[in-house]
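Enquirer: One structure follows; several queries about it will come next.
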Amino acid sequence: MSVVAAIAGALTATALPGALARVVDTTLAGDPDHKALGWLLALVLSDAAAALLGTVAAATAGAAATVAVRRRLIDHLLTLGLAGPRAHPAGDIATRVTSGVPPVTGALATAVTAFVSLGTAAVAVVLLARLDWRLTATLLLTVPAVLVLMRLFMHRAGDLFAAYQRLQSGIAARLLDALAGARSIRAGGTIERDIERVLTPLPQLSDTGHALWRLQRGAAYGVGLLLPIGQLAVLTVAGFGVTAGRLTPGELLAAGGYTMLALQSFSQVDTVIGLAHARAAANRLRELLSLPDPLGQPGTLLPRPTEAGLTFEQVTVDGSTGPVLDKLDLTVPAGMSVAVVGRSGAGKSTLAQLAGRLAEPDAGRVLLAGVDLRQLDPAALRRSVAYAFERPALLGGTVGGLLRLGRPEATTAEIEAAARAAQAHRFIVRLPAGYDTALSAVRLSGGEYQRLGLARALLHACPLTVLDDATSSLDTATEVEVGRALTRLLFGRTSLVVAHRASTAARADLVAWLHAGQVRALAPHAELWTDPQYRALFQAGSPTEDA
């Protein structure tokens, strides 16, 4: 629609000078052409209507394009999982998705306007030549200087816009980090220091912004000087044409109109600024979209979805100071529960992330039901692995929506059953609107958050359930109740449980003891308890007290 409006506006604009010339010449001749006058009025109204339609169409198309591009970016970033934040800080990503998309989507309308403007200028030059070739020759003397000026501006503005956006993203990333650690900052009394840290790029941002303004001002001054000179030169030649009898007074006015149309395409400094801004933003969005999708293309389905044994073969994950996991081999038999224990930094959570392909091994492979996770269909993988984390993210709008996340078709009875099993139903029904309470209005303890995460995982009833320290914030009595429910509900299902309590490890069929990036032992908890080093992992007094 915006293209149609732009073309309609261009056609009416190029027809206006000729119509005006006809009305003026016939009026001066004493024989007014009323049809020409009506045609002139129709063109004026059409031009106004095209301008209005173009504005509305551009806004509508821009909004739709912005939604589409943001949806694509968010879909891609969520698919990346942990890979995205590793490559770019959260604040940087948020800035690119929010402030980086509109310039790019608006560039389409800008480009259409610029293209139609160039076409209009070309037609105006031809019509000007039909009046008198001298007029066109005079006009074209101005064009090279304007083109050189615009080219220089475009090149420098692109670099400055890119720098400005990088600095903005840097401030946003520092701000989000500070907000995430607000309690620590306040407790440490470092508020002023952290404000300075967040705003460190601000002077450079200011300098870059002022440089952009100076560049824009220089381009506007240059174009503002060259174009009137060109227009004055054309009108001067046209005036001599009238005195020489080559042109009529009406054609003199037409020459002025055609000259304005021709020079208008070179006077749009704002358009050039918009395109430079869009190019810089597009490059930054392209960086996000070029991040490789770890899930890849659709692959195979699980051959035995109800017998989802989990196998780690020679798995290596590199860390900043050495391997976190080093050629690790581990088999979680189908239908059994394996607790993962080890000292801090042993790679327990890393192993849990690998189980559902939330992270990728640097070497080796992970298999579910005998299928390499890299070959497994992404949708089948998400249907096959349920997670509960130490700190579940509050997504879904309401408490019920949080539990339904990933299973929107779940019934109320199923949701309540999962919440009861996770010992969450009692505090949910005490909320202002129960399961319909908005998450923004929820103020819960760490243990209550964890119970919601457990309920969500239980609701999915997947062949493989991964609990990544998902009961660490529960009090002892609640942990015992939840543990019994988990034992009952996960019976016959494969589960991998990151454990920090002896009681959690004791409920598992087997315990995988991680040490130095490998499995030091794989055995029942009672058997391992005879080892003093194993008991030291839990800082426990006796197996009876903790198990």
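Chain labels run A, B, ... following the order of the structure tokens; each chain numbers its residues from 1, and ligands are numbered from 1 in the order shown.
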What's the 8 Å shell around A:Thr95, counting only C-alpha atoms, without same-chain residues fewer than 5 positions away, as a CSV table (one decimal) with N, CA, C and O atoms, in the first residue's frame?

Expert:
chain,number,residue,atom,x,y,z
A,100,GLY,N,16.9,-1.5,18.2
A,100,GLY,CA,17.6,-1.8,16.9
A,100,GLY,C,16.7,-2.2,15.8
A,100,GLY,O,17.0,-2.0,14.6
A,168,GLN,N,25.5,2.3,23.7
A,168,GLN,CA,24.2,2.2,24.3
A,168,GLN,C,24.0,0.8,24.9
A,168,GLN,O,23.5,0.6,26.0
A,169,SER,N,24.4,-0.2,24.1
A,169,SER,CA,24.2,-1.6,24.5
A,169,SER,C,25.1,-1.9,25.7
A,169,SER,O,24.8,-2.6,26.6
A,172,ALA,N,23.4,-0.6,28.8
A,172,ALA,CA,22.3,-1.4,29.1
A,172,ALA,C,22.8,-2.7,29.8
A,172,ALA,O,22.2,-3.2,30.7

Enquirer: From a DSSP calculation on the backbone, collect every residue of stretch 289-537 of chain A in alpha helix (DSSP H) and output the set as a PyMOL selection string.

Expert: chain A and resi 289+348-355+378-384+399-404+412-421+425-428+446-460+476-489+502-507+525-528+532-537

Enquirer: Would you pick out the contacts of A:Arg284 at 10 Å or less, using only C-alpha atoms, so that residues sharing its chain but fewer than 4 positions from it are not included, and give the list as a PyMOL selection string?

Expert: chain A and resi 93+96-97+100-101+162+165-166+278-280+288-289

Enquirer: Write a file of the just-selected residues containing N, CA and C atoms, as a PDB file, in the first residue's frame.

Expert:
ATOM      1  N   ILE A  93      21.630  -7.670  24.110  1.00  0.00           N
ATOM      2  CA  ILE A  93      20.584  -8.313  23.310  1.00  0.00           C
ATOM      3  C   ILE A  93      19.273  -7.524  23.410  1.00  0.00           C
ATOM      4  N   ARG A  96      19.405  -4.402  21.285  1.00  0.00           N
ATOM      5  CA  ARG A  96      19.303  -4.692  19.845  1.00  0.00           C
ATOM      6  C   ARG A  96      17.874  -5.033  19.447  1.00  0.00           C
ATOM      7  N   VAL A  97      17.187  -5.821  20.280  1.00  0.00           N
ATOM      8  CA  VAL A  97      15.820  -6.245  19.941  1.00  0.00           C
ATOM      9  C   VAL A  97      14.833  -5.085  20.055  1.00  0.00           C
ATOM     10  N   GLY A 100      16.926  -1.532  18.205  1.00  0.00           N
ATOM     11  CA  GLY A 100      17.598  -1.809  16.932  1.00  0.00           C
ATOM     12  C   GLY A 100      16.672  -2.204  15.805  1.00  0.00           C
ATOM     13  N   VAL A 101      15.481  -2.716  16.141  1.00  0.00           N
ATOM     14  CA  VAL A 101      14.582  -3.214  15.094  1.00  0.00           C
ATOM     15  C   VAL A 101      13.856  -2.100  14.341  1.00  0.00           C
ATOM     16  N   ALA A 162      26.977   2.981  14.317  1.00  0.00           N
ATOM     17  CA  ALA A 162      27.382   1.689  14.865  1.00  0.00           C
ATOM     18  C   ALA A 162      28.054   1.868  16.227  1.00  0.00           C
ATOM     19  N   GLN A 165      25.412   2.807  18.905  1.00  0.00           N
ATOM     20  CA  GLN A 165      24.596   1.674  19.327  1.00  0.00           C
ATOM     21  C   GLN A 165      25.390   0.720  20.215  1.00  0.00           C
ATOM     22  N   ARG A 166      26.671   0.528  19.926  1.00  0.00           N
ATOM     23  CA  ARG A 166      27.502  -0.324  20.778  1.00  0.00           C
ATOM     24  C   ARG A 166      27.614   0.257  22.190  1.00  0.00           C
ATOM     25  N   ALA A 278      19.762   2.646   9.830  1.00  0.00           N
ATOM     26  CA  ALA A 278      19.228   1.312   9.578  1.00  0.00           C
ATOM     27  C   ALA A 278      20.339   0.332   9.213  1.00  0.00           C
ATOM     28  N   ARG A 279      21.313   0.781   8.429  1.00  0.00           N
ATOM     29  CA  ARG A 279      22.403  -0.122   8.042  1.00  0.00           C
ATOM     30  C   ARG A 279      23.208  -0.557   9.259  1.00  0.00           C
ATOM     31  N   ALA A 280      23.508   0.394  10.159  1.00  0.00           N
ATOM     32  CA  ALA A 280      24.257   0.052  11.373  1.00  0.00           C
ATOM     33  C   ALA A 280      23.448  -0.913  12.254  1.00  0.00           C
ATOM     34  N   LEU A 288      23.165 -11.307  15.658  1.00  0.00           N
ATOM     35  CA  LEU A 288      22.346 -12.205  16.474  1.00  0.00           C
ATOM     36  C   LEU A 288      21.785 -13.349  15.638  1.00  0.00           C
ATOM     37  N   LEU A 289      21.269 -13.010  14.459  1.00  0.00           N
ATOM     38  CA  LEU A 289      20.657 -14.039  13.625  1.00  0.00           C
ATOM     39  C   LEU A 289      21.681 -15.022  13.063  1.00  0.00           C
TER      40      LEU A 289
END

Enquirer: Would you pick out the contacts of A:Ser337 at 10 Å or less, using only C-alpha atoms, so that residues sharing its chain but fewer than 6 positions from it are not included, and give the list as a PyMOL selection string?

Expert: chain A and resi 464-466+487+490-497+505+507-511

Enquirer: Quick one: write out the picked residues with C-alpha atoms as a short mmCIF file (atom, residue, chain, number, x, y, z; two decimals), in the first residue's frame?

Expert:
data_model
loop_
_atom_site.label_atom_id
_atom_site.label_comp_id
_atom_site.auth_asym_id
_atom_site.auth_seq_id
_atom_site.Cartn_x
_atom_site.Cartn_y
_atom_site.Cartn_z
CA LEU A 464 13.37 -38.14 31.17
CA THR A 465 13.13 -35.72 34.10
CA VAL A 466 16.13 -33.58 35.10
CA THR A 487 9.74 -41.16 44.22
CA LEU A 490 8.88 -40.70 38.84
CA PHE A 491 8.78 -44.45 39.41
CA GLY A 492 9.49 -46.19 36.13
CA ARG A 493 10.73 -42.97 34.55
CA THR A 494 14.34 -42.05 33.88
CA SER A 495 15.55 -39.18 36.02
CA LEU A 496 18.80 -37.32 36.58
CA VAL A 497 18.92 -35.44 39.89
CA ALA A 505 20.89 -38.96 46.94
CA ARG A 507 16.19 -41.77 47.25
CA ALA A 508 17.91 -42.38 43.90
CA ASP A 509 18.55 -45.87 42.56
CA LEU A 510 22.18 -44.96 41.87
CA VAL A 511 24.54 -42.11 42.70
#

Enquirer: Would you compute the distance between atom CA of A:Ser290 and atom CA of A:Gly91? Give it in Å to one decimal.

Expert: 18.5 Å

Enquirer: Leaving out A:Gly406 and any residue of its chain fewer than 6 positions from it, which residues lie within 12 Å of it when counting only C-alpha atoms, given as a PDB file with all heavy atoms, in the first residue's frame?

Expert:
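Written output follows (out-v1.pdb):
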ATOM      1  N   ALA A 379      11.564 -30.817  18.467  1.00  0.00           N
ATOM      2  CA  ALA A 379      10.258 -30.893  19.129  1.00  0.00           C
ATOM      3  C   ALA A 379      10.151 -32.167  19.956  1.00  0.00           C
ATOM      4  O   ALA A 379       9.624 -32.164  21.080  1.00  0.00           O
ATOM      5  CB  ALA A 379       9.148 -30.828  18.092  1.00  0.00           C
ATOM      6  N   ARG A 382      12.122 -31.734  23.235  1.00  0.00           N
ATOM      7  CA  ARG A 382      11.457 -30.949  24.262  1.00  0.00           C
ATOM      8  C   ARG A 382      10.273 -31.710  24.880  1.00  0.00           C
ATOM      9  O   ARG A 382       9.929 -31.485  26.034  1.00  0.00           O
ATOM     10  CB  ARG A 382      10.983 -29.615  23.666  1.00  0.00           C
ATOM     11  CG  ARG A 382      12.138 -28.716  23.274  1.00  0.00           C
ATOM     12  CD  ARG A 382      12.936 -28.289  24.496  1.00  0.00           C
ATOM     13  NE  ARG A 382      14.278 -27.824  24.132  1.00  0.00           N
ATOM     14  CZ  ARG A 382      15.387 -28.381  24.552  1.00  0.00           C
ATOM     15  NH1 ARG A 382      15.338 -29.429  25.343  1.00  0.00           N
ATOM     16  NH2 ARG A 382      16.555 -27.907  24.183  1.00  0.00           N
ATOM     17  N   ARG A 383       9.661 -32.599  24.104  1.00  0.00           N
ATOM     18  CA  ARG A 383       8.572 -33.417  24.658  1.00  0.00           C
ATOM     19  C   ARG A 383       9.098 -34.543  25.538  1.00  0.00           C
ATOM     20  O   ARG A 383       8.352 -35.136  26.311  1.00  0.00           O
ATOM     21  CB  ARG A 383       7.724 -34.013  23.534  1.00  0.00           C
ATOM     22  CG  ARG A 383       6.873 -33.016  22.769  1.00  0.00           C
ATOM     23  CD  ARG A 383       5.832 -33.744  21.919  1.00  0.00           C
ATOM     24  NE  ARG A 383       6.456 -34.664  20.975  1.00  0.00           N
ATOM     25  CZ  ARG A 383       6.797 -34.344  19.731  1.00  0.00           C
ATOM     26  NH1 ARG A 383       6.589 -33.114  19.284  1.00  0.00           N
ATOM     27  NH2 ARG A 383       7.348 -35.242  18.928  1.00  0.00           N
ATOM     28  N   SER A 384      10.383 -34.834  25.396  1.00  0.00           N
ATOM     29  CA  SER A 384      10.956 -36.006  26.066  1.00  0.00           C
ATOM     30  C   SER A 384      11.701 -35.670  27.341  1.00  0.00           C
ATOM     31  O   SER A 384      11.978 -36.568  28.142  1.00  0.00           O
ATOM     32  CB  SER A 384      11.913 -36.744  25.103  1.00  0.00           C
ATOM     33  OG  SER A 384      11.243 -37.129  23.925  1.00  0.00           O
ATOM     34  N   VAL A 385      12.068 -34.399  27.532  1.00  0.00           N
ATOM     35  CA  VAL A 385      12.886 -34.020  28.689  1.00  0.00           C
ATOM     36  C   VAL A 385      12.188 -32.890  29.442  1.00  0.00           C
ATOM     37  O   VAL A 385      11.884 -31.847  28.861  1.00  0.00           O
ATOM     38  CB  VAL A 385      14.295 -33.563  28.263  1.00  0.00           C
ATOM     39  CG1 VAL A 385      15.143 -33.272  29.501  1.00  0.00           C
ATOM     40  CG2 VAL A 385      14.972 -34.626  27.399  1.00  0.00           C
ATOM     41  N   ALA A 386      11.937 -33.117  30.730  1.00  0.00           N
ATOM     42  CA  ALA A 386      11.358 -32.082  31.597  1.00  0.00           C
ATOM     43  C   ALA A 386      12.421 -31.639  32.597  1.00  0.00           C
ATOM     44  O   ALA A 386      13.161 -32.465  33.132  1.00  0.00           O
ATOM     45  CB  ALA A 386      10.138 -32.620  32.326  1.00  0.00           C
ATOM     46  N   TYR A 387      12.466 -30.319  32.842  1.00  0.00           N
ATOM     47  CA  TYR A 387      13.465 -29.749  33.740  1.00  0.00           C
ATOM     48  C   TYR A 387      12.788 -29.067  34.922  1.00  0.00           C
ATOM     49  O   TYR A 387      11.729 -28.458  34.790  1.00  0.00           O
ATOM     50  CB  TYR A 387      14.307 -28.698  33.014  1.00  0.00           C
ATOM     51  CG  TYR A 387      15.541 -29.229  32.336  1.00  0.00           C
ATOM     52  CD1 TYR A 387      15.506 -29.616  30.998  1.00  0.00           C
ATOM     53  CD2 TYR A 387      16.748 -29.331  33.026  1.00  0.00           C
ATOM     54  CE1 TYR A 387      16.649 -30.088  30.363  1.00  0.00           C
ATOM     55  CE2 TYR A 387      17.895 -29.806  32.398  1.00  0.00           C
ATOM     56  CZ  TYR A 387      17.837 -30.185  31.074  1.00  0.00           C
ATOM     57  OH  TYR A 387      18.970 -30.648  30.458  1.00  0.00           O
ATOM     58  N   LEU A 395       7.532 -17.430  34.125  1.00  0.00           N
ATOM     59  CA  LEU A 395       6.984 -17.173  32.801  1.00  0.00           C
ATOM     60  C   LEU A 395       5.562 -17.717  32.751  1.00  0.00           C
ATOM     61  O   LEU A 395       5.245 -18.706  33.411  1.00  0.00           O
ATOM     62  CB  LEU A 395       7.837 -17.841  31.722  1.00  0.00           C
ATOM     63  CG  LEU A 395       9.332 -17.504  31.727  1.00  0.00           C
ATOM     64  CD1 LEU A 395      10.075 -18.395  30.739  1.00  0.00           C
ATOM     65  CD2 LEU A 395       9.548 -16.054  31.376  1.00  0.00           C
ATOM     66  N   GLY A 396       4.719 -17.080  31.926  1.00  0.00           N
ATOM     67  CA  GLY A 396       3.380 -17.599  31.732  1.00  0.00           C
ATOM     68  C   GLY A 396       2.261 -16.667  32.144  1.00  0.00           C
ATOM     69  O   GLY A 396       1.094 -16.963  31.917  1.00  0.00           O
ATOM     70  N   GLY A 400      -1.106 -20.404  37.136  1.00  0.00           N
ATOM     71  CA  GLY A 400      -1.555 -21.516  36.305  1.00  0.00           C
ATOM     72  C   GLY A 400      -0.857 -21.539  34.956  1.00  0.00           C
ATOM     73  O   GLY A 400      -0.508 -22.598  34.443  1.00  0.00           O
ATOM     74  N   ARG A 456       5.634 -27.926  37.614  1.00  0.00           N
ATOM     75  CA  ARG A 456       5.663 -27.798  36.154  1.00  0.00           C
ATOM     76  C   ARG A 456       6.341 -28.998  35.517  1.00  0.00           C
ATOM     77  O   ARG A 456       5.870 -29.530  34.503  1.00  0.00           O
ATOM     78  CB  ARG A 456       6.377 -26.508  35.758  1.00  0.00           C
ATOM     79  CG  ARG A 456       6.393 -26.242  34.266  1.00  0.00           C
ATOM     80  CD  ARG A 456       6.925 -24.861  33.964  1.00  0.00           C
ATOM     81  NE  ARG A 456       8.298 -24.692  34.406  1.00  0.00           N
ATOM     82  CZ  ARG A 456       8.948 -23.530  34.425  1.00  0.00           C
ATOM     83  NH1 ARG A 456       8.322 -22.434  34.049  1.00  0.00           N
ATOM     84  NH2 ARG A 456      10.184 -23.450  34.839  1.00  0.00           N
ATOM     85  N   ALA A 457       7.459 -29.448  36.100  1.00  0.00           N
ATOM     86  CA  ALA A 457       8.168 -30.609  35.549  1.00  0.00           C
ATOM     87  C   ALA A 457       7.321 -31.876  35.666  1.00  0.00           C
ATOM     88  O   ALA A 457       7.275 -32.695  34.735  1.00  0.00           O
ATOM     89  CB  ALA A 457       9.503 -30.787  36.262  1.00  0.00           C
ATOM     90  N   LEU A 458       6.652 -32.041  36.794  1.00  0.00           N
ATOM     91  CA  LEU A 458       5.821 -33.238  36.982  1.00  0.00           C
ATOM     92  C   LEU A 458       4.634 -33.246  36.031  1.00  0.00           C
ATOM     93  O   LEU A 458       4.195 -34.310  35.573  1.00  0.00           O
ATOM     94  CB  LEU A 458       5.337 -33.301  38.430  1.00  0.00           C
ATOM     95  CG  LEU A 458       6.418 -33.547  39.489  1.00  0.00           C
ATOM     96  CD1 LEU A 458       5.827 -33.443  40.886  1.00  0.00           C
ATOM     97  CD2 LEU A 458       7.070 -34.905  39.281  1.00  0.00           C
ATOM     98  N   LEU A 459       4.099 -32.070  35.720  1.00  0.00           N
ATOM     99  CA  LEU A 459       2.951 -31.981  34.819  1.00  0.00           C
ATOM    100  C   LEU A 459       3.300 -32.483  33.424  1.00  0.00           C
ATOM    101  O   LEU A 459       2.454 -33.038  32.727  1.00  0.00           O
ATOM    102  CB  LEU A 459       2.467 -30.530  34.751  1.00  0.00           C
ATOM    103  CG  LEU A 459       1.229 -30.249  33.892  1.00  0.00           C
ATOM    104  CD1 LEU A 459       0.018 -30.984  34.445  1.00  0.00           C
ATOM    105  CD2 LEU A 459       0.959 -28.760  33.828  1.00  0.00           C
ATOM    106  N   HIS A 460       4.553 -32.315  33.025  1.00  0.00           N
ATOM    107  CA  HIS A 460       4.945 -32.733  31.679  1.00  0.00           C
ATOM    108  C   HIS A 460       5.027 -34.251  31.541  1.00  0.00           C
ATOM    109  O   HIS A 460       4.840 -34.777  30.440  1.00  0.00           O
ATOM    110  CB  HIS A 460       6.297 -32.122  31.308  1.00  0.00           C
ATOM    111  CG  HIS A 460       6.207 -30.704  30.860  1.00  0.00           C
ATOM    112  ND1 HIS A 460       5.818 -29.676  31.706  1.00  0.00           N
ATOM    113  CD2 HIS A 460       6.431 -30.126  29.655  1.00  0.00           C
ATOM    114  CE1 HIS A 460       5.827 -28.532  31.031  1.00  0.00           C
ATOM    115  NE2 HIS A 460       6.183 -28.776  29.800  1.00  0.00           N
ATOM    116  N   ALA A 461       5.309 -34.973  32.641  1.00  0.00           N
ATOM    117  CA  ALA A 461       5.365 -36.441  32.614  1.00  0.00           C
ATOM    118  C   ALA A 461       6.211 -36.950  31.455  1.00  0.00           C
ATOM    119  O   ALA A 461       5.791 -37.805  30.675  1.00  0.00           O
ATOM    120  CB  ALA A 461       3.943 -37.018  32.535  1.00  0.00           C
ATOM    121  N   CYS A 462       7.414 -36.406  31.314  1.00  0.00           N
ATOM    122  CA  CYS A 462       8.297 -36.777  30.201  1.00  0.00           C
ATOM    123  C   CYS A 462       9.058 -38.060  30.517  1.00  0.00           C
ATOM    124  O   CYS A 462       9.249 -38.419  31.679  1.00  0.00           O
ATOM    125  CB  CYS A 462       9.294 -35.648  29.923  1.00  0.00           C
ATOM    126  SG  CYS A 462       8.528 -34.141  29.324  1.00  0.00           S
TER     127      CYS A 462
END

Enquirer: When distances are computed from only C-alpha atoms, which of A:Arg70, A:Arg404, A:Arg365, A:Arg501 shows the smallest separation from A:Ala536?

Expert: A:Arg501

Enquirer: So which bits of stretch 342-521 of chain A end up strand (DSSP E) when you DSSP the backbone, as a PyMOL selection string?

Expert: chain A and resi 363-368+371-372+385-389+464-468+494-498+510-515+518-521

Enquirer: With a distance cut-off of 12 Å and only C-alpha atoms, select the neighbouring residues of stretch 322-326 of chain A, excluding the residue or stretch itself and same-chain residues fewer than 6 positions from it, and output the selection as a list of chain:residue names.

Expert: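 Residues meeting the cut-off are A:Phe312, A:Glu313, A:Gln314, A:Val315, A:Thr316, A:Ser344, A:Gly345, A:Ala346, A:Gly347, A:Lys348, A:Ser349, A:Thr350, A:Leu351, A:Ala352, A:Leu354, A:Glu360, A:Pro361, A:Asp362, A:Ala363, A:Gly364, A:Leu514, A:His515, A:Ala516, A:Gly517, A:Gln518, A:Val519, A:Arg520.
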
Enquirer: With N, CA and C atoms retained, could you export that selection as a compact mmCIF listing (two decimals), in the first residue's frame?

Expert:
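part.txt, freshly written:
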# COMPACT_ATOMS: atom_id res chain seq x y z
N PHE A 312 26.06 -40.82 28.40
CA PHE A 312 27.12 -39.86 28.10
C PHE A 312 28.35 -40.65 27.67
N GLU A 313 28.83 -40.38 26.47
CA GLU A 313 29.98 -41.10 25.93
C GLU A 313 31.15 -40.15 25.70
N GLN A 314 32.21 -40.33 26.48
CA GLN A 314 33.44 -39.56 26.31
C GLN A 314 33.17 -38.05 26.21
N VAL A 315 32.30 -37.56 27.09
CA VAL A 315 31.86 -36.16 27.03
C VAL A 315 32.90 -35.25 27.68
N THR A 316 33.29 -34.22 26.93
CA THR A 316 34.23 -33.22 27.43
C THR A 316 33.60 -31.84 27.28
N SER A 344 31.58 -28.44 44.80
CA SER A 344 31.26 -27.28 43.97
C SER A 344 32.25 -27.18 42.81
N GLY A 345 31.73 -26.99 41.60
CA GLY A 345 32.57 -26.91 40.41
C GLY A 345 32.88 -28.25 39.79
N ALA A 346 32.28 -29.32 40.30
CA ALA A 346 32.57 -30.65 39.75
C ALA A 346 31.89 -30.89 38.41
N GLY A 347 30.92 -30.04 38.03
CA GLY A 347 30.26 -30.19 36.74
C GLY A 347 28.88 -30.78 36.81
N LYS A 348 28.25 -30.73 38.00
CA LYS A 348 26.93 -31.34 38.17
C LYS A 348 25.88 -30.66 37.29
N SER A 349 25.80 -29.32 37.40
CA SER A 349 24.81 -28.59 36.60
C SER A 349 25.14 -28.65 35.12
N THR A 350 26.42 -28.68 34.78
CA THR A 350 26.81 -28.83 33.37
C THR A 350 26.29 -30.14 32.81
N LEU A 351 26.42 -31.21 33.59
CA LEU A 351 25.91 -32.52 33.16
C LEU A 351 24.40 -32.47 32.97
N ALA A 352 23.71 -31.77 33.89
CA ALA A 352 22.25 -31.66 33.78
C ALA A 352 21.86 -30.90 32.52
N LEU A 354 23.56 -30.73 29.72
CA LEU A 354 23.84 -31.58 28.55
C LEU A 354 22.74 -32.60 28.33
N GLU A 360 26.03 -27.71 24.81
CA GLU A 360 26.66 -28.64 23.88
C GLU A 360 28.01 -29.09 24.42
N PRO A 361 28.34 -30.37 24.32
CA PRO A 361 29.69 -30.81 24.72
C PRO A 361 30.72 -30.37 23.69
N ASP A 362 31.92 -30.10 24.15
CA ASP A 362 33.00 -29.77 23.22
C ASP A 362 33.53 -31.02 22.54
N ALA A 363 33.30 -32.17 23.14
CA ALA A 363 33.68 -33.44 22.53
C ALA A 363 32.78 -34.52 23.13
N GLY A 364 32.68 -35.65 22.42
CA GLY A 364 31.82 -36.72 22.88
C GLY A 364 30.38 -36.51 22.44
N LEU A 514 30.82 -37.30 40.95
CA LEU A 514 31.72 -36.61 40.03
C LEU A 514 32.95 -36.09 40.76
N HIS A 515 34.09 -36.29 40.13
CA HIS A 515 35.34 -35.79 40.69
C HIS A 515 36.34 -35.63 39.55
N ALA A 516 36.97 -34.45 39.49
CA ALA A 516 38.00 -34.17 38.48
C ALA A 516 37.46 -34.37 37.06
N GLY A 517 36.19 -34.02 36.86
CA GLY A 517 35.61 -34.07 35.52
C GLY A 517 35.17 -35.43 35.06
N GLN A 518 35.23 -36.43 35.94
CA GLN A 518 34.84 -37.78 35.57
C GLN A 518 33.96 -38.38 36.65
N VAL A 519 33.41 -39.57 36.36
CA VAL A 519 32.60 -40.28 37.35
C VAL A 519 33.54 -41.11 38.22
N ARG A 520 33.70 -40.68 39.45
CA ARG A 520 34.58 -41.42 40.37
C ARG A 520 33.97 -42.74 40.78

Enquirer: Could you tell me which of A:Ala13, A:Ala124, A:Leu285, A:Val69 comes closest to A:Asp92 if we count only C-alpha atoms?

Expert: A:Leu285

Enquirer: Looking at A:Thr504, A:Val341, A:Ser472, A:Ile428, which one is nearest to A:Leu537, with distances taken over only C-alpha atoms?

Expert: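 Checking each candidate against A:Leu537, we get A:Val341 as the closest.
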
Enquirer: Could you name the residues that touch A:Arg391 at 10 Å or less, counting only C-alpha atoms, but leaving out those on the same chain fewer than 6 positions away, as a CSV table (one decimal) with N, CA and C atoms, in the first residue's frame?

Expert:
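File selection-v2.csv, as written:
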chain,number,residue,atom,x,y,z
A,446,GLY,N,12.0,-18.8,48.4
A,446,GLY,CA,12.8,-19.6,47.4
A,446,GLY,C,12.2,-21.0,47.3
A,447,GLY,N,11.8,-21.6,48.5
A,447,GLY,CA,11.2,-23.0,48.5
A,447,GLY,C,9.9,-23.0,47.7
A,449,TYR,N,9.1,-21.0,45.2
A,449,TYR,CA,9.4,-21.0,43.8
A,449,TYR,C,9.8,-22.4,43.3
A,450,GLN,N,10.6,-23.1,44.1
A,450,GLN,CA,11.1,-24.4,43.6
A,450,GLN,C,9.9,-25.4,43.5
A,451,ARG,N,9.0,-25.3,44.4
A,451,ARG,CA,7.8,-26.2,44.3
A,451,ARG,C,7.0,-25.9,43.0
A,452,LEU,N,6.9,-24.7,42.6
A,452,LEU,CA,6.2,-24.4,41.3
A,452,LEU,C,7.0,-25.0,40.2
A,453,GLY,N,8.3,-24.9,40.2
A,453,GLY,CA,9.1,-25.5,39.2
A,453,GLY,C,9.0,-27.0,39.1
A,468,ASP,N,17.7,-30.1,38.5
A,468,ASP,CA,18.9,-29.4,38.8
A,468,ASP,C,18.9,-28.7,40.1
A,469,ASP,N,19.2,-29.4,41.2
A,469,ASP,CA,19.2,-28.8,42.5
A,469,ASP,C,17.8,-28.2,42.8
A,470,ALA,N,16.8,-28.9,42.4
A,470,ALA,CA,15.4,-28.3,42.4
A,470,ALA,C,14.8,-28.4,43.8
A,471,THR,N,15.4,-28.9,44.8
A,471,THR,CA,14.8,-29.0,46.1
A,471,THR,C,15.7,-28.4,47.2
A,472,SER,N,16.7,-27.6,46.8
A,472,SER,CA,17.7,-27.1,47.7
A,472,SER,C,17.2,-26.1,48.7
A,473,SER,N,16.1,-25.4,48.3
A,473,SER,CA,15.5,-24.3,49.2
A,473,SER,C,14.4,-24.8,50.0

Enquirer: From the list A:Val104, A:Leu52, A:Ala19, A:Val44, which residue is nearest A:Asn283 when using only C-alpha atoms?

Expert: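 That would be A:Val104, the residue with the smallest distance to A:Asn283.
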